[in-house]
Structures are given as C-alpha cells and as structure tokens.
>>> print(open('entry_27.csv').read())   # CSV, C-alpha atoms
chain,number,residue,atom,x,y,z
U,1,MET,CA,-8.8,-38.1,32.8
U,2,LEU,CA,-5.5,-36.1,32.7
U,3,GLN,CA,-1.2,-36.2,33.9
U,4,GLY,CA,12.1,-36.0,36.5
U,5,ALA,CA,15.3,-34.7,36.6
U,6,GLY,CA,17.1,-32.7,39.3
U,7,ILE,CA,17.3,-28.9,39.4
U,8,SER,CA,20.7,-28.9,37.9
U,9,ALA,CA,19.4,-30.6,34.8
U,10,LEU,CA,17.0,-27.7,34.2
U,11,ALA,CA,19.5,-24.9,33.8
U,12,LEU,CA,19.3,-22.5,30.9
U,13,GLY,CA,19.7,-24.3,27.6
U,14,SER,CA,18.5,-27.7,28.8
U,15,PRO,CA,16.1,-29.8,26.7
U,16,THR,CA,13.3,-29.0,29.2
U,17,LEU,CA,13.7,-25.3,29.0
U,18,LEU,CA,14.1,-25.4,25.2
U,19,SER,CA,10.9,-27.4,24.9
U,20,ALA,CA,9.0,-24.4,26.4
U,21,CYS,CA,10.1,-22.3,23.4
U,22,GLY,CA,7.9,-21.7,20.4
U,23,THR,CA,7.3,-24.5,17.9
U,24,GLU,CA,4.8,-22.9,15.5
U,25,SER,CA,7.4,-23.0,12.6
U,26,GLN,CA,7.8,-26.8,13.2
U,27,LYS,CA,4.2,-27.8,12.4
U,28,GLN,CA,3.8,-30.7,10.1
U,29,SER,CA,0.9,-32.5,8.5
U,30,ALA,CA,0.2,-35.8,6.7
U,31,GLU,CA,0.8,-33.9,3.4
U,32,SER,CA,4.0,-32.2,4.4
U,33,CYS,CA,5.5,-35.2,6.2
U,34,LYS,CA,4.8,-38.5,4.6
U,35,SER,CA,5.6,-41.8,6.2
U,36,THR,CA,6.2,-45.2,4.7
U,37,ASP,CA,5.1,-48.4,6.5
U,38,ARG,CA,7.5,-51.3,6.1
U,39,SER,CA,5.6,-53.6,8.6
U,40,GLU,CA,4.8,-56.3,6.0
U,41,GLU,CA,8.5,-57.0,5.1
U,42,GLU,CA,10.1,-55.9,8.4
U,43,LYS,CA,8.6,-57.7,11.5
U,44,GLU,CA,10.0,-55.4,14.1
U,45,LEU,CA,9.2,-52.3,16.1
U,46,ILE,CA,10.9,-50.0,18.6
U,47,PHE,CA,8.8,-49.0,21.7
U,48,SER,CA,9.8,-46.2,24.0
U,49,ASN,CA,8.1,-46.2,27.4
U,50,TRP,CA,8.6,-45.1,31.0
U,51,PRO,CA,10.7,-47.1,33.5
U,52,GLU,CA,8.9,-49.8,35.7
U,53,TYR,CA,5.9,-49.8,33.4
U,54,ILE,CA,5.6,-53.4,32.1
U,55,ASP,CA,5.4,-56.8,33.7
U,56,VAL,CA,8.8,-58.3,34.5
U,57,ALA,CA,9.9,-61.8,35.6
U,58,GLY,CA,13.6,-61.8,36.2
U,59,LYS,CA,15.1,-60.4,33.0
U,60,ARG,CA,12.0,-61.4,31.0
U,61,MET,CA,8.9,-59.4,30.1
U,62,PRO,CA,6.2,-62.1,29.8
U,63,THR,CA,3.4,-60.3,28.0
U,64,LEU,CA,5.8,-58.7,25.5
U,65,GLU,CA,7.4,-62.1,24.8
U,66,GLN,CA,4.0,-63.6,24.3
U,67,PHE,CA,3.2,-60.8,21.7
U,68,GLU,CA,6.5,-61.6,19.9
U,69,THR,CA,5.7,-65.3,19.8
U,70,GLU,CA,2.1,-64.8,18.6
U,71,THR,CA,2.9,-62.2,15.9
U,72,GLY,CA,6.6,-62.9,14.9
U,73,ILE,CA,7.3,-59.2,15.5
U,74,ASP,CA,10.6,-58.5,17.3
U,75,VAL,CA,10.2,-55.7,19.8
U,76,THR,CA,13.0,-53.4,21.0
U,77,TYR,CA,11.7,-52.1,24.3
U,78,ASN,CA,13.4,-49.0,25.7
U,79,THR,CA,12.7,-47.2,29.0
U,80,ASP,CA,14.0,-43.9,27.9
U,81,ILE,CA,11.2,-41.6,28.9
U,82,ASN,CA,11.6,-40.1,32.4
U,83,ASP,CA,10.0,-36.7,31.9
U,84,ASN,CA,7.6,-35.4,29.3
U,85,ALA,CA,9.2,-32.0,28.8
U,86,ASP,CA,12.7,-33.5,28.7
U,87,PHE,CA,11.8,-36.1,26.1
U,88,PHE,CA,9.9,-33.5,24.0
U,89,GLY,CA,13.0,-31.4,24.0
U,90,LYS,CA,15.1,-34.3,22.8
U,91,VAL,CA,12.9,-35.1,19.8
U,92,LYS,CA,11.3,-31.8,18.8
U,93,ASP,CA,13.9,-30.7,16.2
U,94,GLN,CA,13.7,-34.0,14.3
U,95,LEU,CA,9.9,-34.2,14.4
U,96,GLY,CA,9.5,-30.5,13.6
U,97,SER,CA,11.8,-31.1,10.5
U,98,CYS,CA,10.0,-34.3,9.4
U,99,GLU,CA,12.9,-36.5,10.4
U,100,PRO,CA,12.7,-39.9,12.0
U,101,ILE,CA,13.3,-40.4,15.7
U,102,ASP,CA,14.0,-44.1,15.4
U,103,ARG,CA,10.9,-45.1,17.4
U,104,ASP,CA,7.7,-46.7,16.3
U,105,ILE,CA,5.8,-46.1,19.6
U,106,ILE,CA,6.3,-43.3,22.1
U,107,THR,CA,4.2,-43.1,25.3
U,108,MET,CA,3.4,-39.5,26.4
U,109,THR,CA,1.2,-38.0,29.1
U,110,ASP,CA,-1.9,-36.1,28.1
U,111,GLN,CA,-0.7,-32.5,27.8
U,112,THR,CA,2.4,-33.5,25.9
U,113,ALA,CA,0.6,-36.0,23.7
U,114,GLY,CA,-2.0,-33.4,22.8
U,115,ARG,CA,0.7,-30.9,21.9
U,116,MET,CA,2.5,-33.4,19.6
U,117,ILE,CA,-0.7,-34.2,17.9
U,118,ALA,CA,-1.6,-30.5,17.4
U,119,LEU,CA,1.8,-30.0,15.8
U,120,GLY,CA,1.1,-32.7,13.3
U,121,TRP,CA,3.9,-34.9,14.5
U,122,MET,CA,1.9,-38.2,15.0
U,123,GLN,CA,0.5,-40.6,12.4
U,124,LYS,CA,-3.2,-41.2,12.3
U,125,LEU,CA,-4.0,-44.7,13.4
U,126,ASP,CA,-5.9,-47.3,11.4
U,127,LYS,CA,-8.8,-48.3,13.6
U,128,GLU,CA,-9.4,-51.4,11.5
U,129,ASN,CA,-6.2,-52.7,13.0
U,130,LEU,CA,-7.4,-51.9,16.6
U,131,PRO,CA,-10.6,-53.9,17.1
U,132,ASN,CA,-9.8,-54.7,20.8
U,133,VAL,CA,-9.1,-51.0,21.5
U,134,GLU,CA,-12.4,-50.0,19.8
U,135,ALA,CA,-14.3,-52.6,21.8
U,136,ASN,CA,-12.6,-52.4,25.2
U,137,LEU,CA,-11.3,-48.9,25.9
U,138,ILE,CA,-13.0,-47.7,29.0
U,139,GLU,CA,-15.6,-44.9,28.5
U,140,SER,CA,-13.9,-42.3,30.6
U,141,LEU,CA,-10.8,-42.3,28.3
U,142,ARG,CA,-12.5,-42.4,24.9
U,143,SER,CA,-12.8,-38.7,24.1
U,144,PRO,CA,-10.0,-36.5,25.6
U,145,GLY,CA,-10.2,-32.9,24.5
U,146,TRP,CA,-6.8,-33.1,22.8
U,147,ASP,CA,-7.7,-36.2,20.7
U,148,GLU,CA,-11.5,-36.4,20.8
U,149,ASN,CA,-11.8,-39.4,18.6
U,150,ARG,CA,-8.6,-41.2,19.6
U,151,ASP,CA,-7.4,-40.9,16.0
U,152,TYR,CA,-3.8,-40.6,17.1
U,153,SER,CA,-3.5,-42.1,20.6
U,154,VAL,CA,-4.2,-45.2,22.6
U,155,PRO,CA,-3.9,-45.1,26.4
U,156,TRP,CA,-1.2,-47.4,27.8
U,157,GLN,CA,-2.2,-46.9,31.5
U,158,ALA,CA,-3.8,-44.1,33.6
U,159,GLY,CA,-2.7,-43.1,37.0
U,160,LEU,CA,-2.8,-41.0,40.1
U,161,THR,CA,-0.4,-38.4,41.6
U,162,GLY,CA,-0.4,-38.1,45.4
U,163,ILE,CA,2.1,-38.2,48.2
U,164,ALA,CA,4.6,-40.8,49.3
U,165,TYR,CA,6.7,-40.7,52.4
U,166,ASN,CA,9.2,-42.9,54.2
U,167,ALA,CA,7.9,-43.8,57.6
U,168,GLU,CA,11.4,-44.6,58.8
U,169,TYR,CA,12.4,-41.0,58.5
U,170,THR,CA,9.3,-38.9,59.0
U,171,ASP,CA,5.9,-38.8,60.5
U,172,PRO,CA,2.9,-39.2,58.2
U,173,VAL,CA,2.3,-36.4,55.6
U,174,SER,CA,-1.4,-35.9,55.0
U,175,SER,CA,-1.6,-32.9,52.7
U,176,PHE,CA,0.3,-31.1,50.0
U,177,GLU,CA,0.4,-28.0,52.1
U,178,GLU,CA,2.2,-30.0,54.9
U,179,LEU,CA,4.7,-31.3,52.3
U,180,VAL,CA,5.7,-27.8,51.2
U,181,THR,CA,5.6,-26.0,54.6
U,182,ARG,CA,6.4,-28.4,57.4
U,183,GLU,CA,9.7,-27.4,59.0
U,184,ASP,CA,10.9,-30.9,59.8
U,185,LEU,CA,10.7,-31.8,56.1
U,186,LYS,CA,12.8,-28.8,55.0
U,187,GLY,CA,15.4,-29.8,52.4
U,188,LYS,CA,14.1,-33.3,52.2
U,189,VAL,CA,11.1,-32.9,49.9
U,190,GLY,CA,10.7,-33.9,46.2
U,191,LEU,CA,8.3,-32.3,43.7
U,192,LEU,CA,7.8,-33.4,40.1
U,193,THR,CA,9.2,-31.8,37.0
U,194,GLU,CA,5.8,-32.6,35.3
U,195,MET,CA,4.2,-29.1,35.4
U,196,PRO,CA,0.6,-30.3,35.5
U,197,ASP,CA,1.4,-32.5,38.5
U,198,THR,CA,3.2,-30.0,40.7
U,199,MET,CA,1.1,-27.0,39.6
U,200,GLY,CA,-2.1,-28.9,39.9
U,201,PHE,CA,-1.5,-29.2,43.6
U,202,MET,CA,-0.1,-25.6,43.9
U,203,LEU,CA,-3.3,-24.3,42.4
U,204,ARG,CA,-5.6,-26.3,44.7
U,205,MET,CA,-3.6,-25.4,47.7
U,206,ASN,CA,-4.2,-21.8,46.8
U,207,GLY,CA,-7.9,-22.3,46.5
U,208,ALA,CA,-8.1,-22.6,42.7
U,209,ASP,CA,-9.6,-25.4,40.6
U,210,SER,CA,-6.8,-27.1,38.7
U,211,ALA,CA,-9.2,-28.1,35.9
U,212,ASP,CA,-10.5,-24.5,35.4
U,213,PHE,CA,-8.3,-21.6,36.5
U,214,SER,CA,-7.5,-18.0,35.4
U,215,ASP,CA,-4.2,-16.4,34.5
U,216,ASP,CA,-4.3,-14.5,37.8
U,217,GLU,CA,-4.8,-17.8,39.8
U,218,TRP,CA,-1.9,-19.3,37.8
U,219,GLN,CA,0.3,-16.3,38.6
U,220,SER,CA,-0.5,-16.5,42.3
U,221,ALA,CA,0.3,-20.2,42.4
U,222,ILE,CA,3.6,-19.8,40.5
U,223,GLU,CA,4.6,-17.0,42.9
U,224,ARG,CA,3.8,-19.3,45.9
U,225,LEU,CA,6.0,-22.1,44.3
U,226,GLU,CA,8.8,-19.6,43.9
U,227,GLU,CA,8.6,-18.8,47.7
U,228,ILE,CA,8.6,-22.5,48.5
U,229,VAL,CA,11.7,-23.2,46.4
U,230,SER,CA,13.5,-20.1,47.7
U,231,SER,CA,12.9,-21.3,51.3
U,232,GLY,CA,14.9,-24.4,50.7
U,233,GLN,CA,11.9,-26.7,51.4
U,234,VAL,CA,12.5,-28.7,48.2
U,235,ARG,CA,15.6,-30.8,47.8
U,236,ARG,CA,15.0,-31.5,44.1
U,237,PHE,CA,12.4,-31.8,41.3
U,238,THR,CA,12.3,-35.3,39.9
U,239,GLY,CA,10.9,-37.4,37.1
U,240,ASN,CA,10.5,-41.2,37.4
U,241,ASP,CA,13.6,-41.5,39.6
U,242,TYR,CA,12.4,-40.5,43.1
U,243,ILE,CA,11.9,-44.0,44.6
U,244,ARG,CA,15.6,-44.7,45.0
U,245,ASP,CA,16.1,-41.4,47.0
U,246,LEU,CA,12.9,-42.1,49.0
U,247,LYS,CA,14.1,-45.5,50.0
U,248,SER,CA,17.6,-44.2,51.1
U,249,GLY,CA,16.3,-41.1,53.0
U,250,ASN,CA,17.7,-38.6,50.6
U,251,LEU,CA,14.1,-37.6,50.2
U,252,VAL,CA,11.7,-38.3,53.1
U,253,ALA,CA,8.5,-37.2,51.3
U,254,CYS,CA,7.5,-36.3,47.8
U,255,LEU,CA,4.9,-36.1,45.1
U,256,ALA,CA,4.6,-39.6,43.7
U,257,TRP,CA,2.8,-41.7,41.1
U,258,SER,CA,0.6,-44.5,42.4
U,259,GLY,CA,2.1,-47.3,40.4
U,260,ASP,CA,5.7,-46.4,41.3
U,261,VAL,CA,5.0,-46.6,45.0
U,262,ALA,CA,3.2,-49.9,44.5
U,263,ALA,CA,6.0,-51.4,42.4
U,264,ALA,CA,8.5,-50.4,45.1
U,265,GLU,CA,7.0,-53.0,47.4
U,266,ASP,CA,8.4,-51.2,50.5
U,267,ASP,CA,6.2,-51.3,53.6
U,268,ARG,CA,7.9,-48.1,54.9
U,269,ILE,CA,6.6,-46.1,51.9
U,270,PRO,CA,2.8,-45.7,51.6
U,271,PHE,CA,0.9,-43.9,48.8
U,272,ILE,CA,-1.3,-41.2,50.4
U,273,GLN,CA,-4.3,-39.3,49.1
U,274,PRO,CA,-3.6,-35.7,50.1
U,275,GLU,CA,-6.3,-33.6,51.6
U,276,GLU,CA,-6.3,-31.6,48.4
U,277,GLY,CA,-7.3,-34.7,46.4
U,278,LEU,CA,-5.4,-36.6,43.7
U,279,ASN,CA,-4.2,-35.7,40.2
U,280,ILE,CA,-5.4,-38.1,37.5
U,281,TRP,CA,-3.9,-38.6,34.1
U,282,SER,CA,-3.2,-41.1,31.3
U,283,ASP,CA,0.0,-42.1,29.4
U,284,ASN,CA,-0.7,-42.6,25.7
U,285,MET,CA,0.9,-44.7,22.9
U,286,MET,CA,1.4,-42.9,19.6
U,287,VAL,CA,3.2,-43.5,16.3
U,288,PRO,CA,5.5,-40.6,15.3
U,289,ASN,CA,5.9,-39.4,11.8
U,290,ARG,CA,8.5,-41.3,9.7
U,291,ALA,CA,8.1,-44.4,12.0
U,292,GLU,CA,8.3,-47.3,9.5
U,293,HIS,CA,6.4,-50.0,11.4
U,294,LYS,CA,3.0,-48.5,12.0
U,295,ALA,CA,1.0,-51.6,11.4
U,296,ASN,CA,3.3,-53.5,13.8
U,297,ALA,CA,2.8,-50.8,16.4
U,298,GLU,CA,-1.0,-51.0,16.0
U,299,ALA,CA,-0.8,-54.8,16.4
U,300,LEU,CA,1.0,-54.3,19.8
U,301,MET,CA,-1.6,-51.7,20.9
U,302,ASN,CA,-4.4,-54.1,20.0
U,303,TYR,CA,-2.7,-57.0,21.8
U,304,TYR,CA,-2.6,-55.0,25.1
U,305,TYR,CA,-6.3,-54.4,24.9
U,306,ASP,CA,-7.1,-58.1,25.2
U,307,PRO,CA,-8.6,-58.2,28.7
U,308,VAL,CA,-6.4,-61.1,29.8
U,309,VAL,CA,-3.2,-59.4,28.7
U,310,ALA,CA,-4.4,-56.1,30.2
U,311,ALA,CA,-5.1,-57.7,33.6
U,312,THR,CA,-1.7,-59.5,33.6
U,313,LEU,CA,0.0,-56.1,33.0
U,314,ALA,CA,-2.2,-54.3,35.6
U,315,ALA,CA,-1.3,-56.9,38.2
U,316,TRP,CA,2.3,-55.9,37.9
U,317,VAL,CA,2.3,-52.2,37.3
U,318,TRP,CA,-0.6,-51.3,39.6
U,319,TYR,CA,-1.8,-48.3,37.5
U,320,ILE,CA,-5.4,-47.7,36.4
U,321,CYS,CA,-6.2,-50.2,33.8
U,322,PRO,CA,-7.9,-48.7,30.7
U,323,VAL,CA,-9.4,-51.9,29.4
U,324,ASP,CA,-13.0,-53.0,29.9
U,325,GLY,CA,-13.1,-56.7,30.9
U,326,ALA,CA,-9.8,-56.7,32.6
U,327,LYS,CA,-11.4,-56.5,36.1
U,328,ALA,CA,-13.2,-59.8,35.5
U,329,GLU,CA,-10.0,-61.4,34.3
U,330,MET,CA,-8.2,-60.2,37.4
U,331,GLU,CA,-10.5,-62.4,39.5
U,332,LYS,CA,-8.5,-65.4,38.0
U,333,ILE,CA,-5.1,-63.7,38.2
U,334,ASP,CA,-5.1,-62.0,41.6
U,335,PRO,CA,-8.5,-61.7,43.3
U,336,SER,CA,-6.9,-59.4,46.0
U,337,LEU,CA,-6.6,-56.7,43.3
U,338,VAL,CA,-10.1,-56.7,42.0
U,339,ASP,CA,-11.4,-54.0,44.4
U,340,ASN,CA,-8.1,-52.0,44.4
U,341,ASN,CA,-9.0,-48.4,43.6
U,342,LEU,CA,-5.5,-47.8,42.3
U,343,ILE,CA,-6.2,-50.3,39.4
U,344,PHE,CA,-10.0,-50.3,39.1
U,345,PRO,CA,-11.2,-47.1,40.8
U,346,SER,CA,-14.8,-46.8,41.9
U,347,ASP,CA,-16.9,-43.8,40.9
U,348,ASP,CA,-16.8,-42.6,44.5
U,349,PHE,CA,-13.0,-42.8,44.5
U,350,LEU,CA,-12.7,-40.9,41.2
U,351,SER,CA,-14.8,-38.1,42.7
U,352,SER,CA,-11.7,-37.2,44.7
U,353,THR,CA,-9.5,-36.7,41.7
U,354,SER,CA,-8.8,-33.7,39.4
U,355,GLY,CA,-7.3,-33.3,36.0
U,356,PHE,CA,-5.4,-30.3,34.7
U,357,MET,CA,-7.0,-27.7,32.5
U,358,SER,CA,-6.5,-28.1,28.7
U,359,LEU,CA,-4.4,-25.3,27.4
U,360,ASP,CA,-3.9,-23.7,24.0
U,361,ASP,CA,-0.4,-23.9,22.8
U,362,LYS,CA,0.5,-20.3,23.4
U,363,THR,CA,-0.7,-20.4,27.0
U,364,ARG,CA,0.9,-23.8,27.6
U,365,GLN,CA,4.3,-22.5,26.4
U,366,GLN,CA,4.1,-19.5,28.7
U,367,TYR,CA,3.1,-21.7,31.7
U,368,GLU,CA,5.9,-24.1,31.0
U,369,LYS,CA,8.3,-21.3,30.8
U,370,ASP,CA,7.1,-19.8,34.1
U,371,PHE,CA,7.4,-23.2,35.7
U,372,VAL,CA,10.9,-24.0,34.4
U,373,GLN,CA,12.2,-20.6,35.5
U,374,VAL,CA,11.1,-21.3,39.0
U,375,ILE,CA,12.3,-24.9,39.3
U,376,GLY,CA,15.5,-24.1,37.4
U,377,GLY,CA,16.5,-21.5,40.0
>>> encode(input="entry_27.csv", output="structure tokens")
Amino acid sequence: MLQGAGISALALGSPTLLSACGTESQKQSAESCKSTDRSEEEKELIFSNWPEYIDVAGKRMPTLEQFETETGIDVTYNTDINDNADFFGKVKDQLGSCEPIDRDIITMTDQTAGRMIALGWMQKLDKENLPNVEANLIESLRSPGWDENRDYSVPWQAGLTGIAYNAEYTDPVSSFEELVTREDLKGKVGLLTEMPDTMGFMLRMNGADSADFSDDEWQSAIERLEEIVSSGQVRRFTGNDYIRDLKSGNLVACLAWSGDVAAAEDDRIPFIQPEEGLNIWSDNMMVPNRAEHKANAEALMNYYYDPVVAATLAAWVWYICPVDGAKAEMEKIDPSLVDNNLIFPSDDFLSSTSGFMSLDDKTRQQYEKDFVQVIGG
C-alpha cells in the first residue's frame, strides 16, 4: 500500500523545489549521528502530524489525553505537515547535518518516509516497546519495499486518493480525465502537490501502470500534465488545504484524500472513485535522529495499536485503519462504520486501488524535479 500549497509557493528557491535537489552528501547513519534518549527523566514528546488527523471533541483530543493520563507523558501535538516535499525541504538541512529538528515523531507518506530512512535520518525502533504493533499491524502494511521489516516506521493511517466535487457548483465528475479536460471546470480544478498522487492518475490516464512504468511513460505523462497546466484547467495545486476552497466554490472539483472529505461532513461534497481507480498509500510515524524521547514516542505508537483506541481514532478520521481487531471494536463504537470501505476496505474494493512505483533516489529526484517544474510554472 502506497501515497499542498499553491503554485506561487512552488517558485524557484522554495522548500519544495529545493527538496528535489541532491542529498547524497547529507547521508547519515547510526554511527555518524548518535542520539540520546532522555525519556526516563523527561516525560514528554513532540508529535508532528497532518491537519484533521486525530479525534477531536471541542478543543480536546480524547485519545491523546487518555494516553497522557495513562503514561504521564506530556504530548505537544503539532499539525505542521501539509505537504511531504515541503516538509522535507524544511528539515533536510538539519537532518542531513545530524542536527535536531525538535520533533520526536514525524508522520510522512510512503515515498518520503522511504527516502528519509534511506538517507539514514531516522532512528531504528525498539520492537520490544511495540508489542501491540507487532501483534496487530494488518498484514498488507507489514513489509513495504522501503522499510521491509518496519524497523523504522509504524503506519499511523492509510488512505485513498480520488475525486471530490461540490454538487452546488458543478455536475458530477466521474473520472480523472473529466477533471482535467472538461471545459465547464476550466480554472476551477485542484490537483495535489504530492507527486505520486497527481502523477499516479496522469500515468493511468495515459494508459500506463502507476505501479510499474517506464521513463518514456513518465515523460509522456509529465508532458500531458504540462499541457493541462498551460491550458488553464488547474486553478491551483494544493496540499491538505483544499476543503475550504471546495466548500466556498473557489475550487469546484479536485483530487482529494478520502478522510478529508469524510471529515468535512458536507453533503454537497462526495468522495468519488474515478474510472481510473483510486490511489492507495499510508502515512508513517518515525523518530528522527537526535530526537531525545524515543521510548516515549514508541509508547505512543504502541498505544494507538490497541484495537479500542484504533477504532476510536478511525471513527473520527475515516481513513483506512491499520490495526487488526479494530473492526470488531467498531461494532461497539459505531456499527454503521463496520462495513465502510474507506475504513475497513474489502479485498474486492482494494482490487480497484493502485500504489505508486518504488523509485531509486536518483530517479525520484529527477521525477520530483520534472513535476515541480511543471506545477511551478
């Protein structure tokens, strides 16, 4: 299983563009970059995550408060990740120089998580501190190619990328091709700054397999995207901030993440499976080098793999739950969600999804550069 900012934010010199540059000289290892764990004497941790990605009741976060009560660990919870490439650009110089980034957990999507691990920027997890994860991580997420033994990462949630539209402003949009070619949508469409999401659909629209494609197929898809951008079809490329524009009509249709649309709770805005299928991905908790509360971070990871806690979280965020046993617990929390394919997808439903091909670092850098040049204008 695999996975914003406006065009103006992607101009030359932005963190997103810089993140596409080479990082070979910034590689680290456990030997070259040593970390000290102060968890025993400092009962605290800093957790960076995406917006709208945890259960909320008013100004409270019930599952997080319960963790603090049970463990005595004080959590500073930040929603400061809006785009993988942008966040990578913000932290790459510190991590590449073995400097702290003042975070104990960061939550990155597959391609970026794999890249950070390959660069030696993440601490290896102690699985003895993760018995719930070892017991309850669903089989389909246990061995991604970029972290085959899950030595450095624990999935937070998995999710789907499809289409959302506002029925108040437009007729239904049933395919990605419609989204990027229909005249009545011109100038009112949003695509994602996440390269695997937007280019996964571009590749499939062009007849390629997003999970196994050639350089020639990539080049054809990127040229097609350039034509679409030049035509004025796309209003902007976004991260996690498209729902507000979709509600107001600034965007009338866009690529969207399943849980975001569910969390919006707006009957005008459905989440649609495009004719080209759905993208599938996971967001992954990791502990960066020089983070000083690794055992505390592992305690939080383990806590969220308790099936009761996982079901409570899933009932709020509506992303694919990575925890075995959570579906049975959902029967007690909200039976209406037990058969929801956005949370507990069936095998038949998963057959309509596609991941994005794993890339070596050199190829990924070139593809990111190609993509940013197009969406940056």
>>> closest_residue(input="entry_27.csv", among="U:Val372, U:Leu64, U:Met199, U:Ala291", to="U:Lys34", atoms="all atoms listed in the file")
U:Ala291
>>> closest_residue(input="entry_27.csv", among="U:Ser140, U:Asn82, U:Asn296, U:Ser32", to="U:Pro345", atoms="only C-alpha atoms")
U:Ser140
>>> closest_residue(input="entry_27.csv", among="U:Cys98, U:Ala167, U:Ile269, U:Ala113", to="U:Ser358", atoms="all atoms listed in the file")
U:Ala113
>>> atom_distance(input="entry_27.csv", atom1="atom CA of U:Val234", atom2="atom CA of U:Gly190")
5.9 Å
>>> closest_residue(input="entry_27.csv", among="U:Ala297, U:Val154, U:Ile343, U:Ala253", to="U:Asp74", atoms="only C-alpha atoms")
U:Ala297
>>> atom_distance(input="entry_27.csv", atom1="atom CA of U:Ile106", atom2="atom CA of U:Met286")
5.5 Å
>>> residues_near_point(input="entry_27.csv", point="(-9.1, -50.2, 29.2)", cutoff="9 Å", atoms="all atoms listed in the file", output="MDAnalysis selection string")
chainID U and resid 133 136:139 141 155:157 305 307 310 320:326
>>> closest_residue(input="entry_27.csv", among="U:Leu185, U:Asn132, U:Arg150, U:Tyr77", to="U:Val308", atoms="all atoms listed in the file")
U:Asn132
>>> atom_distance(input="entry_27.csv", atom1="atom CA of U:Thr353", atom2="atom CA of U:Asp306")
27.1 Å
>>> closest_residue(input="entry_27.csv", among="U:Lys294, U:Met285, U:Ala263, U:Lys186", to="U:Leu251", atoms="all atoms listed in the file")
U:Lys186
>>> residues_around(input="entry_27.csv", residues="U:Gln233", least_positions_apart="2", cutoff="9 Å", atoms="all atoms listed in the file", output="list in words")
Leu179, Val180, Thr181, Arg182, Glu183, Leu185, Lys186, Gly187, Lys188, Val189, Gly190, Ile228, Val229, Ser230, Ser231 and Arg235 of chain U
>>> axis_aligned_box(input="entry_27.csv", around="stretch 89-96 of chain U", padding_each_side="3 Å", output="AutoDock Vina command-line options")
--center_x 12.3 --center_y -32.8 --center_z 18.8 --size_x 11.6 --size_y 10.6 --size_z 16.4
>>> residues_around(input="entry_27.csv", residues="U:Asp151", least_positions_apart="3", cutoff="9 Å", atoms="all atoms listed in the file", output="list in words")
Gln123, Lys124, Leu125, Asp126, Lys127, Asp147, Glu148 and Val154 of chain U
>>> closest_atom_pairs(input="entry_27.csv", of="stretch 250-353 of chain U", to="stretch 48-62 of chain U", cutoff="7 Å", atoms="all atoms listed in the file", output="tab-separated table")
residue	atom	partner	partner_atom	distance
U:Leu313	CA	U:Asp55	CA	5.5
U:Trp316	CA	U:Asp55	CA	5.3
U:Val317	CA	U:Tyr53	CA	5.8
>>> residues_around(input="entry_27.csv", residues="U:Trp318", least_positions_apart="6", cutoff="10 Å", atoms="all atoms listed in the file", output="list in words")
Tyr53, Ile54, Gln157, Ala158, Gly159, Ser258, Gly259, Asp260, Val261, Ala262, Ala263, Ala311, Leu337, Asn340, Asn341, Leu342, Ile343 and Phe344 of chain U
>>> write_last_selection(input="entry_27.csv", atoms="C-alpha atoms", output="PDB file, in the coordinates of the input")
ATOM      1  CA  TYR U  53       5.900 -49.800  33.400  1.00  0.00           C
ATOM      2  CA  ILE U  54       5.600 -53.400  32.100  1.00  0.00           C
ATOM      3  CA  GLN U 157      -2.200 -46.900  31.500  1.00  0.00           C
ATOM      4  CA  ALA U 158      -3.800 -44.100  33.600  1.00  0.00           C
ATOM      5  CA  GLY U 159      -2.700 -43.100  37.000  1.00  0.00           C
ATOM      6  CA  SER U 258       0.600 -44.500  42.400  1.00  0.00           C
ATOM      7  CA  GLY U 259       2.100 -47.300  40.400  1.00  0.00           C
ATOM      8  CA  ASP U 260       5.700 -46.400  41.300  1.00  0.00           C
ATOM      9  CA  VAL U 261       5.000 -46.600  45.000  1.00  0.00           C
ATOM     10  CA  ALA U 262       3.200 -49.900  44.500  1.00  0.00           C
ATOM     11  CA  ALA U 263       6.000 -51.400  42.400  1.00  0.00           C
ATOM     12  CA  ALA U 311      -5.100 -57.700  33.600  1.00  0.00           C
ATOM     13  CA  LEU U 337      -6.600 -56.700  43.300  1.00  0.00           C
ATOM     14  CA  ASN U 340      -8.100 -52.000  44.400  1.00  0.00           C
ATOM     15  CA  ASN U 341      -9.000 -48.400  43.600  1.00  0.00           C
ATOM     16  CA  LEU U 342      -5.500 -47.800  42.300  1.00  0.00           C
ATOM     17  CA  ILE U 343      -6.200 -50.300  39.400  1.00  0.00           C
ATOM     18  CA  PHE U 344     -10.000 -50.300  39.100  1.00  0.00           C
TER      19      PHE U 344
END
>>> residues_around(input="entry_27.csv", residues="U:Gln273", least_positions_apart="2", cutoff="7 Å", atoms="all atoms listed in the file", output="VMD selection string")
chain U and resid 162 to 163 271 275 277 to 278
>>> build_atoms(input="entry_27.csv", residues="stretch 236-245 of chain U", atoms="N, CA, C and O atoms", output="mmCIF file, in the frame of the given file")
data_model
loop_
_atom_site.group_PDB
_atom_site.id
_atom_site.type_symbol
_atom_site.label_atom_id
_atom_site.label_comp_id
_atom_site.auth_asym_id
_atom_site.auth_seq_id
_atom_site.Cartn_x
_atom_site.Cartn_y
_atom_site.Cartn_z
ATOM 1 N N ARG U 236 14.819 -31.476 45.551
ATOM 2 C CA ARG U 236 15.000 -31.500 44.100
ATOM 3 C C ARG U 236 13.632 -31.802 43.430
ATOM 4 O O ARG U 236 12.692 -32.292 44.059
ATOM 5 N N PHE U 237 13.576 -31.470 42.150
ATOM 6 C CA PHE U 237 12.400 -31.800 41.300
ATOM 7 C C PHE U 237 12.829 -33.045 40.511
ATOM 8 O O PHE U 237 13.923 -33.109 39.960
ATOM 9 N N THR U 238 11.940 -34.020 40.455
ATOM 10 C CA THR U 238 12.300 -35.300 39.900
ATOM 11 C C THR U 238 11.319 -35.753 38.809
ATOM 12 O O THR U 238 10.206 -35.234 38.704
ATOM 13 N N GLY U 239 11.766 -36.725 38.035
ATOM 14 C CA GLY U 239 10.900 -37.400 37.100
ATOM 15 C C GLY U 239 10.578 -38.785 37.749
ATOM 16 O O GLY U 239 10.209 -38.877 38.925
ATOM 17 N N ASN U 240 10.831 -39.834 36.983
ATOM 18 C CA ASN U 240 10.500 -41.200 37.400
ATOM 19 C C ASN U 240 11.496 -41.830 38.312
ATOM 20 O O ASN U 240 11.479 -43.029 38.524
ATOM 21 N N ASP U 241 12.387 -41.007 38.877
ATOM 22 C CA ASP U 241 13.600 -41.500 39.600
ATOM 23 C C ASP U 241 13.606 -41.229 41.064
ATOM 24 O O ASP U 241 14.662 -41.265 41.681
ATOM 25 N N TYR U 242 12.455 -40.955 41.659
ATOM 26 C CA TYR U 242 12.400 -40.500 43.100
ATOM 27 C C TYR U 242 12.434 -41.674 44.063
ATOM 28 O O TYR U 242 12.794 -41.482 45.220
ATOM 29 N N ILE U 243 12.022 -42.868 43.639
ATOM 30 C CA ILE U 243 11.900 -44.000 44.600
ATOM 31 C C ILE U 243 13.184 -44.331 45.253
ATOM 32 O O ILE U 243 13.248 -44.587 46.462
ATOM 33 N N ARG U 244 14.255 -44.340 44.487
ATOM 34 C CA ARG U 244 15.600 -44.700 45.000
ATOM 35 C C ARG U 244 15.934 -43.723 46.190
ATOM 36 O O ARG U 244 16.382 -44.141 47.254
ATOM 37 N N ASP U 245 15.737 -42.425 45.976
ATOM 38 C CA ASP U 245 16.100 -41.400 47.000
ATOM 39 C C ASP U 245 15.106 -41.544 48.195
ATOM 40 O O ASP U 245 15.491 -41.292 49.338
#
